[in-house]
Structures are given as structure tokens and as C-alpha cells.
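Please read the structure below before turning to the comments.
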Amino acid sequence: MMNEYDVIIIGGGITGVGTARDCALRGLRTVLVERFDLTNGATGRNHGLLHSGARYAVTDRDSASECIKENRILKRIASNCVERTDGLFITLPEDDPAYQDKLVEACRAAGIKAESIDPAEALRLEPSVNPRLVGAVRVPDASVDPFRLSSANALDAAAHGARILTYHSVTSFIKDGSRVVGVRVKDTRTGEEKEILAAMTVNAAGIWGQGIAAMAGARIRMLPSKGSLLVFGHRVNRMVVNRCRKPANADILVPGDVVCIIGTTSDKVPFEECDDIRVTRQEVTALLDEGCSLVPALANTRILRAYAGVRPLVASDDDPTGRRTSRGIVLLDHESRDGISGFVTITGGKLTNYRLMAQMATDLVCRKLNVDKPCLTAGLPLPGSERRLNPSRADAVAFKAAEGRHGTMVKDMDFSHKSEVLCECEHVTKAEIAYAVKYLDVHNMVDLRRRTRIGMGTCQGTFCIRKVAEALAEELGCPQKAEEFLDQYVRERWKGMAPVCWGDSLREAEYMRKLYRK
Amino acid sequence: MRFDVVIIGGGPAGTGIGLELQRSGLDCLVVSEGLGLEESPRREFVEAGGTLLQGDTVLGGTISEGKVTGVATRNLKGTPIEASCYVLATGRFFSKGLISTMDGIFEPVFGCDVLYDRDSTNWTNPDFYAPQPFEDFGVVTDDQGRVSIGGRTISNLFAAGEVLAGKIGMQTGIERVVNAVLGRK
């Protein structure tokens, strides 16, 4: 019997969708299974920083060189998902003054353009930066939207024949002796179970990859490292602002669309907590304290929400901070490593390097399948990024906003009907919701938020979410679900608000309760 | 400027009390920060003969021997406003009747004693739809609705509406203050 697929990819994070795209472009019959929505794990819970590599230049030269190469590639192939902000590394009087020269030198050695500038010039480029700074280095950091980037990869994979099965969880592996020949999956919405067979299976499940590997009979020790972040109510900075010192907690402020994000903390967490991680008050305090030394205005800026992700680091030692663990890409051939054929794991790495990770995994899959096809992902623009658009911001009119989010895919939106703006912060129209439902695999409010940025702006959905819930329910053809959608959104938002509930955030919380409590 | 009663806050509690007292023959002033969702109670209050300072803010008051002796507003800074009784009806956090920081909660006009959980991580319930602890925080009052400052009851300063601690309902709070003010007269 012939298999329906050549390769199964487990995990709908950026690594999984990137691998699905690469496999599909090389002509492999590809299926991706994800138990929740795309980007549900670490991919959707980070800074949205496209590293230049400068952060790793001093401590990890290899990672730094990888980053700058991928940074340049993504600026080209994902121009619609990347905002070319550039970044600053600022030195404050309390920081080691020698580190700046060390950084510049290490950057040059890694191929990263890094230039020392004086404090006055830094303040001119980035007026929000702490005026106490004594030095700064300018680097090609950028801001990237991981939701759009994942969506674009999934779209292109599907356009080349891949199937993307979200809300499908792997329940067990199908093995023939020591060979993995497929997986059993369960549709988490209908409960339906089915078997998928393929010659190769790729484990791209991030931190949950340890459990997936164990299910296949292989042992990987991952070190769950929680990183917490805070989103602020407006965009305070225009460049990425880093602290010029050895990487530490809360030393990067990234502008993204209409907001900015400070992060991260780094704490080892038990495995059981990975499915439901919450931000503690201690973490919020640490993020605020450090954030204010980068950009003092943060002290008086409303915090929209707190969130946290778990880095999929592969344990190399027992460093309790998880920071000295290698952040390198880990590709495991379980045939040579564990005697389990038909199964590989791609993990470690970082958002910036996802394309390279996907390429490495796909190269290995192709070798195993005796397929000799070159990787095309470094040269082919992602959907939406086929041509350079005039940079547009979310404060432009609705069409420009949609174009900013979806690039050339905006052609599939029907602005002649449904041009009503529902989310005013992000200028999201009914037309964009209809587009997301039709093309981007949206089943609920959280899916929709990730695809369109609905409710991610200053009001966090407080004013629009009832209209949005109704519009989504209507587009999905189940108007009776509007109430459930509203509930789901409100609960998800509360999770992010509760840890930062004081000052203006508490005012907003009280207002939200008045509007939505039952 | 002198009134019988100065009411700080033009929401449901402030206008409710203002209207009843004005109709009972007292000369009332309501200071209202901004526009409300519901304009008709304020209109009714003015039609009953009350004085409304719209778009003004009470910055603070003077207190002497356990009594409020006057308040000052932003727009009428040079003109002290005096009354026999004062009512605090400034609402909760959204309307800035209470101000919260990461470390604590205070009442900004007079510095009234406020009841709240000292551990700010307990201010919310993880379930959005459950009652929220912060909704019970507010100024402490005695059975006549009088507030205290530093543990000492202020004999002519009353509070009503959402600024109150605990679960005293809107109507109960209004009636309590109306009765106490009329009783004093």
C-alpha cells in the first residue's frame, strides 16, 4: 500500500510550518499536525525580535553568525512580516564600559554591522532611550511579527500541496519494529481519531518535543525555561533597545506594530507547568525595573498585558538560569542516535533562525528519502512579501492596515463589501475577518487575534470584541457561538491583565468587568 | 462660595443625593469631573435648583478638628468653597475615586481611610466572571456613612456609591447619607 504522505511534521510553531513549507517546496507530500492553533507555543509568546545576532556575538559566535545571515534573508523573503527598525545597545554608567568595544569587535568578527555612536546621536535616533547613557552601538536588529510569519509559511506550504491539520493531537506512534511509519492523531474538536502514514516523521514540537520523542521511544532531555514579557499600551520606542552588557533579564525593548514589549525573564520551570504558565508579580517587578533603566518613560506607560513562553532549550548542563544553555539548533537523527528510523527531531534554535532549522530538518528528511532537491526557501518570497510595499503602519486607513499585515494577499479581501471597521485600534474590517476565516484556518477568537491583530491594540478589545465575536460567528456560519467566542476572548485577556492589575490597568479591568460581567 | 452641601462626583450616587437634598430644601453643589453616560439626572438636579460645576475637579479639602472646613477646585482655585456637609461620591478606580499603585490604594481628595488587601497579587480573581476582590475595596464608613482619616471619624464628610468599601448597594448608600445629612439639619 502506498502512503498518502512522505513526511509528517508534528508541531505548528514557526519551526514546524517552516519545515512544512520547505518539504512542500521540495515536492514532498507533506502533512503538519498541531494539537492547538498555529503559534500556540513559544512562537507566539516571545518578543517578536528579529535578532541581528549582536546579543550573542560575545558569548556564542556561531549563533551570532547564523542570526545575521537569517536576518538578511528574512528581511528579503518576509519583508511584509519584518519592520526594519534597527537596534541600539546602550551602555549606562553602572555597566562595564569595556563591554561596548568587546561587543563591536565580536559583531564584526561574526559579520554583523555594528557601529559605536555617541550618546547625543543615540538620543537623536531614539529619543525614548535613557538620557543617562554613556555610549551606544547601532546594529541591524529588527521587529518581526511571528503570527504573520507563521501564517505566511503555512499558506505557502498549503499552496504547494501540504495539508495543515490544526487541532489535531498526536496520541501515539505507529511503528514497524524500530521504524516509525506514522502517527495516530485525534481531532481535538470532533474527537475523531485517524492514522496518518508516512516514511518520515519530524518532531518539531518545541518544548513538548520531549514528550513526543518519548512516545516514539527516544529520550531527549529538554530544559523548560520560562520567559515572561510585558506589553505596553503604545509604541514608546521606534528602534529595538538592548542593554550593552552580558545578556541578562529584561534587557530588550522591542517595538511591534502599535505597542512595545519588554522582556524577558529566564527561570527554569517544571515540565508540568509548560501547558499553563503564568506570570508572577516578582517577574513583573523585575521587568518594569529593568525596562525603566532602558527607557524611563515605561514607568508612566499603561501595561496592557503580561505573558510568558517556554524556550525549547535542550539541556546541556544544570545551569539554573537556563541562560548559559546552548541556544544552538539541535537536529537529532534518531536512527543513528537511538536506533529508531523514520524519525527526526528539530529543536533548540530561535525564531530568527527558524528557516535554517527547517532547511536542516528537510535536508535530513530528503537524504533519508533519497530525494535530491535543493532548498529554495532562502530565495523565494513568502506569500504577501512578493513585492516591496510602501511601509505602512496600523494607524493608516483600513486598507493600508490590512496591506501592512497581509501584504499582497490583501487582493483576496473583499473591500467592496464588509468594509466596516470593527477593531478601531488596529483598523481590522469585516473583510479581513472574512479573509482570515476563508484562507487562514481560523476557528475561534484566539486564532483570529493571531491572524489579524484584532484586540491586540490599545483598547485590547474592550470596545470592539462583542461586534467581532458576532462577525466571526457569522463568518463561520454558527451565529449561536457568538456568546462563547466573547467569553473565550474575555477569559484569555483576563489571564494577561491579572498580573499587572494596578494603576491604569486596574481602571481598565474595572471598566471591562462593567461591560462584560454576567 | 457657601452651600449647605458640597457633593464631589456627578455620577449616580452624587446626583442621586444632590437631587434628594435639593428637593428637601438644602442648597447643594455637585462638582462633576466630566461627561457621564447618563445626563438626565444632572439635568434634573439643576432643574431642582442645584448648582452644577461641570468639568471641574476637587483638588483637596482642608480639615480642622475632625471637620472639613472647605474644598478647592481646579477651575475656582482662588475661591474657597464651604458647606456644612460634604459628600464623597467619586466612584472607584475607573473614575479615579480610588488610585492604585503596585504597592497600595489611596483616596486622592482627602486621603480617607481605605480598606483593601495589602497583598496586591490578591486584588483579582483568576476567573473573570467571578466576583473580583478589587470591587470591594474602598473608603471605610460608619453606619451613617461618615468616613475616617487616620482612624478619626470626620463628622461632616460622608461617602456613597462605588467609592465605598464592602458591598453596600447604591440605593442603601444614597439613603444612608441623605438621612444622616437631613438628620443633622
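We name chains A, B, ... following the order of the C-alpha cells; residues begin at 1 in each chain, and ligands are numbered from 1 as shown.
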Q. Which chain B residues are at most 12 Å from chain A (counting only C-alpha atoms), as a PyMOL selection string?
A. chain B and resi 91-106+119-137+162
Q. Counting only C-alpha atoms, what is within 6 Å of Tyr86 of chain B, bar same-chain residues fewer than 3 positions away, as a PyMOL selection string?
A. chain B and resi 5-7+157
Save the residues we just selected, N, CA and C atoms, as a PDB file, in the first residue's frame?
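Here's the written file again-v7.pdb:
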```
ATOM      1  N   VAL B   5     -24.582  71.842  51.193  1.00  0.00           N
ATOM      2  CA  VAL B   5     -23.892  70.568  50.965  1.00  0.00           C
ATOM      3  C   VAL B   5     -23.058  70.647  49.681  1.00  0.00           C
ATOM      4  N   VAL B   6     -21.820  70.195  49.761  1.00  0.00           N
ATOM      5  CA  VAL B   6     -20.995  70.069  48.563  1.00  0.00           C
ATOM      6  C   VAL B   6     -20.830  68.582  48.264  1.00  0.00           C
ATOM      7  N   ILE B   7     -21.180  68.182  47.043  1.00  0.00           N
ATOM      8  CA  ILE B   7     -21.091  66.777  46.653  1.00  0.00           C
ATOM      9  C   ILE B   7     -20.017  66.641  45.584  1.00  0.00           C
ATOM     10  N   LEU B 157     -18.185  64.644  56.749  1.00  0.00           N
ATOM     11  CA  LEU B 157     -17.801  64.127  55.420  1.00  0.00           C
ATOM     12  C   LEU B 157     -18.364  62.714  55.242  1.00  0.00           C
TER      13      LEU B 157
END
```
**Q.** Residue list (strand (DSSP E or B), DSSP) for segment 37-160 of chain B, as an MDAnalysis selection string
**A.** chainID B and resid 51:54 58:64 67:73 81:88 99:100 105:106 114:115 138:139 141 146:149 152:159
Save out the residues we just selected, C-alpha atoms, as a PDB file, in the first residue's frame.
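Below is the file that was written, selection39.pdb:
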```
ATOM      1  CA  THR B  51     -25.650  74.190  41.280  1.00  0.00           C
ATOM      2  CA  LEU B  52     -23.535  72.041  38.979  1.00  0.00           C
ATOM      3  CA  LEU B  53     -19.842  72.622  38.349  1.00  0.00           C
ATOM      4  CA  GLN B  54     -19.281  70.581  35.223  1.00  0.00           C
ATOM      5  CA  VAL B  58     -11.969  68.972  43.578  1.00  0.00           C
ATOM      6  CA  LEU B  59      -8.249  69.071  44.253  1.00  0.00           C
ATOM      7  CA  GLY B  60      -8.437  68.729  48.019  1.00  0.00           C
ATOM      8  CA  GLY B  61     -10.018  69.936  51.211  1.00  0.00           C
ATOM      9  CA  THR B  62      -8.999  71.488  54.500  1.00  0.00           C
ATOM     10  CA  ILE B  63      -9.758  69.622  57.658  1.00  0.00           C
ATOM     11  CA  SER B  64      -9.766  71.098  61.113  1.00  0.00           C
ATOM     12  CA  LYS B  67     -14.373  68.502  60.272  1.00  0.00           C
ATOM     13  CA  VAL B  68     -13.993  69.517  56.660  1.00  0.00           C
ATOM     14  CA  THR B  69     -13.936  73.305  56.531  1.00  0.00           C
ATOM     15  CA  GLY B  70     -13.679  73.842  52.771  1.00  0.00           C
ATOM     16  CA  VAL B  71     -12.638  72.443  49.403  1.00  0.00           C
ATOM     17  CA  ALA B  72     -10.841  73.901  46.399  1.00  0.00           C
ATOM     18  CA  THR B  73     -11.465  73.068  42.764  1.00  0.00           C
ATOM     19  CA  ILE B  81     -15.996  76.562  48.678  1.00  0.00           C
ATOM     20  CA  GLU B  82     -17.572  75.995  52.066  1.00  0.00           C
ATOM     21  CA  ALA B  83     -20.509  73.943  53.298  1.00  0.00           C
ATOM     22  CA  SER B  84     -21.896  72.318  56.421  1.00  0.00           C
ATOM     23  CA  CYS B  85     -21.655  68.853  54.915  1.00  0.00           C
ATOM     24  CA  TYR B  86     -19.561  67.243  52.217  1.00  0.00           C
ATOM     25  CA  VAL B  87     -20.233  64.068  50.276  1.00  0.00           C
ATOM     26  CA  LEU B  88     -17.572  61.978  48.553  1.00  0.00           C
ATOM     27  CA  ILE B  99      -5.942  55.473  42.965  1.00  0.00           C
ATOM     28  CA  SER B 100      -3.914  52.280  42.923  1.00  0.00           C
ATOM     29  CA  ILE B 105      -4.515  52.133  47.220  1.00  0.00           C
ATOM     30  CA  PHE B 106      -5.468  55.615  48.381  1.00  0.00           C
ATOM     31  CA  VAL B 114      -9.277  52.823  52.590  1.00  0.00           C
ATOM     32  CA  LEU B 115      -9.958  49.142  53.106  1.00  0.00           C
ATOM     33  CA  GLY B 138     -12.987  51.473  49.062  1.00  0.00           C
ATOM     34  CA  VAL B 139     -13.264  54.038  51.816  1.00  0.00           C
ATOM     35  CA  THR B 141     -17.519  54.464  56.685  1.00  0.00           C
ATOM     36  CA  ARG B 146     -19.173  59.075  57.571  1.00  0.00           C
ATOM     37  CA  VAL B 147     -15.565  58.492  56.529  1.00  0.00           C
ATOM     38  CA  SER B 148     -12.473  58.488  58.711  1.00  0.00           C
ATOM     39  CA  ILE B 149      -8.971  59.811  58.188  1.00  0.00           C
ATOM     40  CA  ARG B 152     -10.583  59.510  63.235  1.00  0.00           C
ATOM     41  CA  THR B 153     -14.177  59.909  62.049  1.00  0.00           C
ATOM     42  CA  ILE B 154     -14.796  63.122  60.105  1.00  0.00           C
ATOM     43  CA  SER B 155     -18.135  64.361  61.397  1.00  0.00           C
ATOM     44  CA  ASN B 156     -19.330  66.175  58.253  1.00  0.00           C
ATOM     45  CA  LEU B 157     -17.801  64.127  55.420  1.00  0.00           C
ATOM     46  CA  PHE B 158     -19.954  61.321  54.025  1.00  0.00           C
ATOM     47  CA  ALA B 159     -19.332  58.820  51.260  1.00  0.00           C
TER      48      ALA B 159
END
```
Q: Any chance you could list, as a VMD selection string, the residues in segment 291-463 of chain A that come up alpha helix (DSSP H) when DSSP is run on the backbone?
A: chain A and resid 291 to 294 334 to 338 354 to 368 398 to 406 430 to 439 445 to 452
Q: Within 9 Å of segment 450-454 of chain A, counting only C-alpha atoms, which residues show up once you throw out same-chain ones fewer than 6 positions away? Write them as a PyMOL selection string, please.
A: chain A and resi 38-39+44+147-148+151+402+405-406+422-428+432-433+436+440+442+460-461+464-465+468
Q. Quick one: distance from atom CA of Tyr354 of chain A to atom CA of Gly18 of chain A in Å, one decimal?
A.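 Atom CA of Gly18 of chain A lies at a distance of 6.7 Å from atom CA of Tyr354 of chain A.
Closest to Asp251 of chain A among A:Met445, A:Leu313, A:Leu88, A:Ala152 is A:Leu88, based on only C-alpha atoms.
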Q: For segment 254-259 of chain A, work out the shell of residues within 9 Å, counting only C-alpha atoms and skipping chain neighbours fewer than 6 positions away, then give it as an MDAnalysis selection string.
A: chainID A and resid 47:49 83 85 87 142:145 231:242 393:395 425:426 456:458
Q: For segment 334-351 of chain A, please output as a ChimeraX atom specification all residues within 9 Å (counting only C-alpha atoms; exclusion window: fewer than 6 positions along the same chain).
A: /A:14-16,42-43,46,48-51,63,146,177-182,198-207,209,213,216-219,311-314,326-328,357-358,360-361,364-365,368
For those residues, write N, CA and C atoms to a file as a compact mmCIF listing (two decimals), in the first residue's frame.
```
# COMPACT_ATOMS: atom_id res chain seq x y z
N ILE A 14 6.71 28.00 14.51
CA ILE A 14 7.40 28.51 13.33
C ILE A 14 8.32 27.44 12.71
N THR A 15 8.94 26.61 13.56
CA THR A 15 9.82 25.56 13.02
C THR A 15 9.01 24.55 12.21
N GLY A 16 7.86 24.16 12.73
CA GLY A 16 7.01 23.19 12.05
C GLY A 16 6.49 23.72 10.72
N ALA A 42 5.87 28.62 22.06
CA ALA A 42 6.88 29.67 22.17
C ALA A 42 6.85 30.65 21.00
N THR A 43 6.44 30.17 19.81
CA THR A 43 6.41 31.04 18.63
C THR A 43 5.53 32.27 18.85
N ASN A 46 6.85 35.40 22.50
CA ASN A 46 8.21 35.93 22.63
C ASN A 46 8.17 37.42 22.28
N GLY A 48 9.08 38.94 19.46
CA GLY A 48 8.92 39.36 18.08
C GLY A 48 10.17 40.12 17.63
N LEU A 49 11.32 39.63 18.08
CA LEU A 49 12.59 40.29 17.74
C LEU A 49 13.30 39.49 16.65
N LEU A 50 13.64 40.16 15.56
CA LEU A 50 14.49 39.54 14.55
C LEU A 50 15.92 39.93 14.91
N HIS A 51 16.60 38.99 15.57
CA HIS A 51 17.95 39.27 16.06
C HIS A 51 18.90 39.63 14.93
N SER A 63 26.02 31.17 16.84
CA SER A 63 24.64 31.64 16.83
C SER A 63 24.55 33.02 16.20
N PRO A 146 5.63 37.25 14.55
CA PRO A 146 5.71 35.79 14.43
C PRO A 146 4.40 35.16 13.96
N GLY A 177 8.43 -2.56 13.94
CA GLY A 177 9.70 -2.86 14.61
C GLY A 177 10.25 -1.58 15.20
N SER A 178 11.48 -1.21 14.82
CA SER A 178 12.06 0.01 15.37
C SER A 178 11.89 1.18 14.40
N ARG A 179 11.05 0.99 13.40
CA ARG A 179 10.84 2.07 12.42
C ARG A 179 9.52 2.79 12.68
N VAL A 180 9.58 4.11 12.71
CA VAL A 180 8.35 4.90 12.82
C VAL A 180 7.74 4.96 11.43
N VAL A 181 6.47 4.55 11.31
CA VAL A 181 5.84 4.57 9.99
C VAL A 181 4.62 5.48 9.94
N GLY A 182 4.33 6.12 11.07
CA GLY A 182 3.20 7.05 11.06
C GLY A 182 2.77 7.41 12.47
N ALA A 198 3.49 7.76 6.89
CA ALA A 198 4.50 8.44 6.08
C ALA A 198 5.84 7.78 6.35
N ALA A 199 6.74 7.91 5.38
CA ALA A 199 8.06 7.29 5.54
C ALA A 199 8.88 8.01 6.61
N MET A 200 8.62 9.34 6.76
CA MET A 200 9.40 10.11 7.73
C MET A 200 8.47 10.93 8.64
N THR A 201 8.88 11.06 9.89
CA THR A 201 8.14 11.92 10.82
C THR A 201 9.13 12.88 11.46
N VAL A 202 8.78 14.17 11.46
CA VAL A 202 9.65 15.19 12.04
C VAL A 202 9.00 15.71 13.32
N ASN A 203 9.76 15.65 14.40
CA ASN A 203 9.31 16.17 15.68
C ASN A 203 9.75 17.63 15.78
N ALA A 204 8.78 18.55 15.63
CA ALA A 204 9.09 19.98 15.72
C ALA A 204 8.18 20.59 16.77
N ALA A 205 8.04 19.89 17.89
CA ALA A 205 7.02 20.25 18.88
C ALA A 205 7.55 21.16 19.98
N GLY A 206 8.72 21.75 19.77
CA GLY A 206 9.24 22.69 20.76
C GLY A 206 9.46 22.00 22.09
N ILE A 207 9.05 22.66 23.16
CA ILE A 207 9.28 22.11 24.49
C ILE A 207 8.52 20.80 24.68
N GLY A 209 8.36 18.58 22.55
CA GLY A 209 9.08 17.58 21.77
C GLY A 209 9.65 16.47 22.63
N ALA A 213 9.02 12.70 21.60
CA ALA A 213 10.12 11.77 21.40
C ALA A 213 9.93 10.53 22.28
N ALA A 216 7.72 8.05 20.91
CA ALA A 216 8.32 7.26 19.83
C ALA A 216 9.40 6.32 20.36
N GLY A 217 9.71 6.45 21.65
CA GLY A 217 10.70 5.57 22.26
C GLY A 217 12.09 6.17 22.33
N ALA A 218 12.21 7.49 22.10
CA ALA A 218 13.53 8.14 22.15
C ALA A 218 13.57 9.09 23.36
N ARG A 219 14.78 9.32 23.87
CA ARG A 219 14.88 10.16 25.05
C ARG A 219 15.61 11.47 24.72
N ARG A 311 11.05 28.48 26.45
CA ARG A 311 12.07 28.25 25.42
C ARG A 311 12.34 26.76 25.28
N PRO A 312 12.40 26.27 24.06
CA PRO A 312 12.67 24.84 23.88
C PRO A 312 14.17 24.56 23.90
N LEU A 313 14.78 24.76 25.04
CA LEU A 313 16.22 24.55 25.12
C LEU A 313 16.52 23.10 25.43
N VAL A 314 17.55 22.60 24.77
CA VAL A 314 17.96 21.24 25.05
C VAL A 314 19.01 21.30 26.15
N SER A 326 23.14 26.15 25.61
CA SER A 326 23.34 26.50 24.21
C SER A 326 22.01 26.80 23.56
N ARG A 327 21.98 27.91 22.83
CA ARG A 327 20.76 28.24 22.10
C ARG A 327 20.88 27.80 20.66
N GLY A 328 21.84 26.94 20.42
CA GLY A 328 22.07 26.49 19.06
C GLY A 328 20.96 25.58 18.57
N MET A 357 16.65 26.17 10.52
CA MET A 357 16.27 24.93 11.21
C MET A 357 15.44 24.05 10.27
N ALA A 358 14.49 24.71 9.59
CA ALA A 358 13.62 23.97 8.67
C ALA A 358 14.45 23.37 7.54
N MET A 360 17.64 22.51 7.65
CA MET A 360 18.43 21.39 8.16
C MET A 360 17.57 20.13 8.32
N ALA A 361 16.36 20.32 8.86
CA ALA A 361 15.48 19.17 9.06
C ALA A 361 15.08 18.58 7.71
N LEU A 364 17.80 16.59 5.99
CA LEU A 364 17.95 15.25 6.56
C LEU A 364 16.82 14.33 6.07
N VAL A 365 15.60 14.87 6.06
CA VAL A 365 14.46 14.08 5.57
C VAL A 365 14.70 13.66 4.12
N LYS A 368 17.18 10.90 3.82
CA LYS A 368 16.59 9.61 4.20
C LYS A 368 15.68 9.08 3.10
```
Q: Show which residues sit within 10 Å of Glu484 of chain A, as a list of chain:residue names. Count only C-alpha atoms, and ignore same-chain residues fewer than 4 positions away.
A: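 Once the nearby chain positions are removed, what remains is A:Asn444, A:Met445, A:Ala469, A:Ala473, A:Gln480, A:Gln488, A:Tyr489, A:Val490.
Counting only C-alpha atoms, Gly50 of chain B has the following residues at most 7 Å away, ignoring those fewer than 2 positions along the same chain: Gln22, Asp27, Cys28, Leu29, Phe45, Val46, Ala48 and Leu52 of chain B.
Our summary of the geometry notes that atom CA of Val139 of chain A is positioned 4.9 Å from atom CA of Ala114 of chain A.
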